[in-house]
Every structure is written in structure tokens, then in C-alpha cells.
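Note: the block below is protein_1.csv and it holds CSV, C-alpha atoms.
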```
chain,number,residue,atom,x,y,z
A,19,MET,CA,0.0,0.0,0.0
A,20,ILE,CA,2.9,2.4,0.7
A,21,MET,CA,4.2,1.8,-2.8
A,22,LEU,CA,0.9,2.6,-4.4
A,23,ALA,CA,0.6,5.8,-2.2
A,24,ARG,CA,4.1,6.8,-3.3
A,25,ILE,CA,3.3,6.2,-7.0
A,26,LEU,CA,0.1,8.3,-6.7
A,27,ALA,CA,2.0,11.1,-5.0
A,28,VAL,CA,4.7,11.0,-7.6
A,29,LEU,CA,2.1,11.3,-10.4
A,30,ALA,CA,0.7,14.4,-8.7
A,31,ALA,CA,4.3,15.7,-8.3
A,32,LEU,CA,5.2,15.1,-12.0
A,33,PHE,CA,1.9,16.8,-13.1
A,34,GLY,CA,2.6,19.9,-11.0
A,35,ILE,CA,6.3,20.1,-11.8
A,36,VAL,CA,5.9,19.7,-15.5
A,37,LEU,CA,3.1,22.2,-15.7
A,38,GLY,CA,4.9,24.6,-13.4
A,39,LEU,CA,8.1,24.5,-15.5
A,40,GLY,CA,6.0,24.9,-18.7
A,41,PHE,CA,4.5,28.1,-17.3
A,42,LEU,CA,8.0,29.3,-16.3
A,43,ILE,CA,9.7,28.6,-19.6
A,44,HIS,CA,6.8,29.1,-22.1
A,45,PRO,CA,4.1,31.0,-20.4
A,46,SER,CA,2.1,31.9,-23.5
A,47,GLU,CA,2.0,28.3,-24.8
A,48,ALA,CA,1.2,26.9,-21.4
A,49,GLY,CA,-1.5,29.5,-20.8
A,50,ALA,CA,-3.1,28.7,-24.1
A,51,ASN,CA,-3.6,25.1,-22.9
A,52,PHE,CA,-5.6,26.6,-20.0
A,53,PHE,CA,-7.5,29.1,-22.2
A,54,LEU,CA,-5.4,31.9,-20.8
A,55,SER,CA,-3.8,34.6,-23.0
A,56,PRO,CA,-1.5,37.2,-21.5
A,57,ASN,CA,-2.2,40.9,-21.9
A,58,GLY,CA,1.3,42.1,-22.8
A,59,ILE,CA,4.4,41.8,-20.7
A,60,PRO,CA,2.6,42.2,-17.4
A,61,GLY,CA,0.3,39.3,-18.4
A,62,LEU,CA,3.3,37.1,-19.2
A,63,ALA,CA,4.7,37.9,-15.8
A,64,VAL,CA,1.4,36.9,-14.1
A,65,LEU,CA,1.4,33.6,-16.0
A,66,ARG,CA,5.0,33.0,-15.3
A,67,ALA,CA,4.8,33.9,-11.6
A,68,ASP,CA,1.4,32.8,-10.4
A,69,MET,CA,0.8,29.7,-12.4
A,70,THR,CA,4.3,28.5,-11.9
A,71,ALA,CA,3.9,29.1,-8.2
A,72,PHE,CA,0.6,27.2,-8.0
A,73,PHE,CA,1.8,24.1,-9.9
A,74,LEU,CA,5.4,24.0,-8.7
A,75,THR,CA,4.4,24.4,-5.1
A,76,GLY,CA,1.9,21.5,-5.3
A,77,GLY,CA,4.3,19.4,-7.3
A,78,LEU,CA,7.3,19.9,-5.1
A,79,LEU,CA,5.4,19.3,-1.9
A,80,ALA,CA,3.8,16.1,-3.4
A,81,ALA,CA,7.3,15.0,-4.4
A,82,ALA,CA,8.6,15.6,-0.8
A,83,GLY,CA,5.6,13.7,0.6
A,84,ALA,CA,6.4,10.7,-1.7
A,85,TRP,CA,10.1,10.8,-1.1
A,86,TRP,CA,9.9,11.0,2.7
A,87,ARG,CA,6.5,9.2,3.0
A,88,ASP,CA,5.4,12.1,5.1
A,89,ALA,CA,1.7,13.0,5.2
A,90,LYS,CA,2.2,16.6,6.3
A,91,PHE,CA,3.7,17.6,2.9
A,92,LEU,CA,0.5,16.5,1.1
A,93,VAL,CA,-1.9,19.0,2.9
A,94,ALA,CA,-1.0,21.9,0.6
A,95,PRO,CA,-1.3,20.0,-2.7
A,96,ILE,CA,-4.6,18.6,-1.6
A,97,LEU,CA,-5.9,22.0,-0.8
A,98,LEU,CA,-4.6,23.5,-4.0
A,99,PHE,CA,-6.5,20.9,-6.1
A,100,ALA,CA,-9.6,21.1,-3.9
A,101,ILE,CA,-9.8,24.8,-4.1
A,102,ALA,CA,-9.4,24.6,-7.9
A,103,ILE,CA,-12.3,22.2,-8.1
A,104,THR,CA,-14.3,24.7,-6.0
A,105,GLY,CA,-13.5,27.6,-8.3
A,106,ARG,CA,-14.5,25.5,-11.3
A,107,THR,CA,-17.8,24.5,-9.7
A,108,VAL,CA,-18.6,28.1,-9.0
A,109,SER,CA,-17.8,28.9,-12.6
A,110,LEU,CA,-20.2,26.2,-13.8
A,111,PHE,CA,-23.0,27.8,-11.9
A,112,ALA,CA,-22.0,31.4,-12.6
A,113,ASP,CA,-20.9,31.1,-16.2
A,114,GLY,CA,-22.6,27.9,-17.5
A,115,ILE,CA,-21.3,24.6,-18.7
A,116,THR,CA,-18.9,24.5,-21.6
A,117,PRO,CA,-17.7,21.5,-23.6
A,118,GLY,CA,-14.8,19.9,-21.8
A,119,ALA,CA,-15.6,21.7,-18.5
A,120,PHE,CA,-15.6,18.4,-16.5
A,121,VAL,CA,-12.2,17.1,-17.8
A,122,PRO,CA,-10.0,19.3,-15.6
A,123,MET,CA,-12.4,18.8,-12.7
A,124,ALA,CA,-11.9,15.0,-13.1
A,125,VAL,CA,-8.1,15.4,-13.2
A,126,GLU,CA,-8.2,17.6,-10.0
A,127,ALA,CA,-10.6,15.2,-8.3
A,128,PHE,CA,-8.3,12.3,-9.1
A,129,PHE,CA,-5.4,14.1,-7.6
A,130,VAL,CA,-7.4,15.1,-4.5
A,131,LEU,CA,-8.4,11.5,-3.9
A,132,SER,CA,-5.0,10.1,-4.7
A,133,LEU,CA,-3.3,12.5,-2.3
A,134,LEU,CA,-5.8,11.9,0.4
A,135,TYR,CA,-5.2,8.2,0.1
A,136,ALA,CA,-1.4,8.7,0.2
A,137,ARG,CA,-1.8,11.0,3.2
A,138,ARG,CA,-3.8,8.4,5.0
A,139,ILE,CA,-1.3,5.6,4.2
A,140,PHE,CA,1.8,7.7,5.1
A,141,ALA,CA,0.2,8.9,8.4
A,142,GLY,CA,-0.7,5.3,9.3
A,143,ALA,CA,2.8,4.0,8.5
A,144,ALA,CA,4.3,6.8,10.6
A,145,SER,CA,2.1,5.9,13.6
A,146,ASN,CA,3.1,2.3,13.3
A,147,GLY,CA,6.7,3.0,13.7
```

Write-out of the structure in C-alpha cells:
Amino acid sequence: MIMLARILAVLAALFGIVLGLGFLIHPSEAGANFFLSPNGIPGLAVLRADMTAFFLTGGLLAAAGAWWRDAKFLVAPILLFAIAITGRTVSLFADGITPGAFVPMAVEAFFVLSLLYARRIFAGAASNG
């Protein structure tokens, strides 16, 4: 069970790190994948800073949780994905349903559930010695 938990945490880590680096290196292209387009240089800076921070923070903390099998590192990535789902849900009600609206929500839900599972396994392993 610990191995499965580590694999799931590593998947979340890779997802976050790859996307975060994508926003850092190629913000316009990465933003287009999220239906975002920068408004000039300040817009590029927002994509490069904020989106990189969001994804790299979640990815690096998920990686730390997997590496050290430590549940406390997984709290922030779980919250990041859960808050993202909340924002998307609000958008569904406020703005309407668009084609493909549920795909990112499913990805985020997968990572929330995966990281909650990993957190539970790592916490249980830590309490058992």
C-alpha cells in the first residue's frame, strides 16, 4: 500500500512540476492550454509567476511527501487541487457549462483522492513506527 501511495503522490508531483516549468519557460503556450492569454508583458509575468507558483508548489510538496513518505507535505497540494475544483464549480453555476468543462475537474478530483489516500497511508505508516 505504501508503494501505491508513493506512486500516486509522484504522479501528482510530476503533473505539477511539468506544468509549473511549462509556465515558467513558455508562459504563452502553457497559458493557451488553459484558455489563458497574457495581456502584454505584465500578463506574461502573471502567468510565469502565479501559475508557476501554483503548480510547482503543489508538485514539489507532493514529491517531498512521496520521497519521505510524510503525510504533512500533502496537505497543501490537496488544498490547491480542492480549491481549484471549488472555483471550477462556482464557474459552472455562474458562467454555465462549456464543452470539456468536466475534464479538468476530473483530473483535479483524481489528484485530491489520490493524495488523500497517500496522506492516510503515510500517516498510518508513521504511527506504526

Hey, which of A:Ala89, A:Ala50, A:Ala112, A:Ile43 ends up closest to Ala67 (chain A)? Count all atoms listed in the file.
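Ranked by minimum distance to Ala67 (chain A), first place goes to A:Ile43.
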
Counting all atoms listed in the file, find the residues whose atoms lie at most 12 Å from (4.9, 25.7, -6.5) (file coordinates) and write them out as JSON, numbers by chain.
{"A": [31, 32, 33, 34, 35, 36, 37, 38, 39, 41, 42, 66, 67, 68, 69, 70, 71, 72, 73, 74, 75, 76, 77, 78, 79, 80, 81, 94, 95, 98]}

Could you please determine the separation between CA of Gly83 (chain A) and CA of Ala27 (chain A) in Å, to one decimal place?
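Between CA of Gly83 (chain A) and CA of Ala27 (chain A) the gap works out to 7.1 Å.
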
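For the choices A:Leu54, A:Ala48, A:Ala127, A:Ala143, the atom-to-atom distance to Thr104 (chain A) is smallest for A:Ala127 when using all atoms listed in the file.
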
CA of Arg137 (chain A) to CA of Ala23 (chain A) measures 7.9 Å

Between CA of Ala100 (chain A) and CA of Leu131 (chain A), what is the spacing in Å?
9.7 Å

Go through A:Gly105, A:Gly61, A:Pro117, A:Pro122 one by one, measure the shortest atom-to-atom distance of each to Gly49 (chain A) using only C-alpha atoms, and give the residue with the smallest value.
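Ranking A:Gly105, A:Gly61, A:Pro117, A:Pro122 by distance to Gly49 (chain A), first place goes to A:Gly61.
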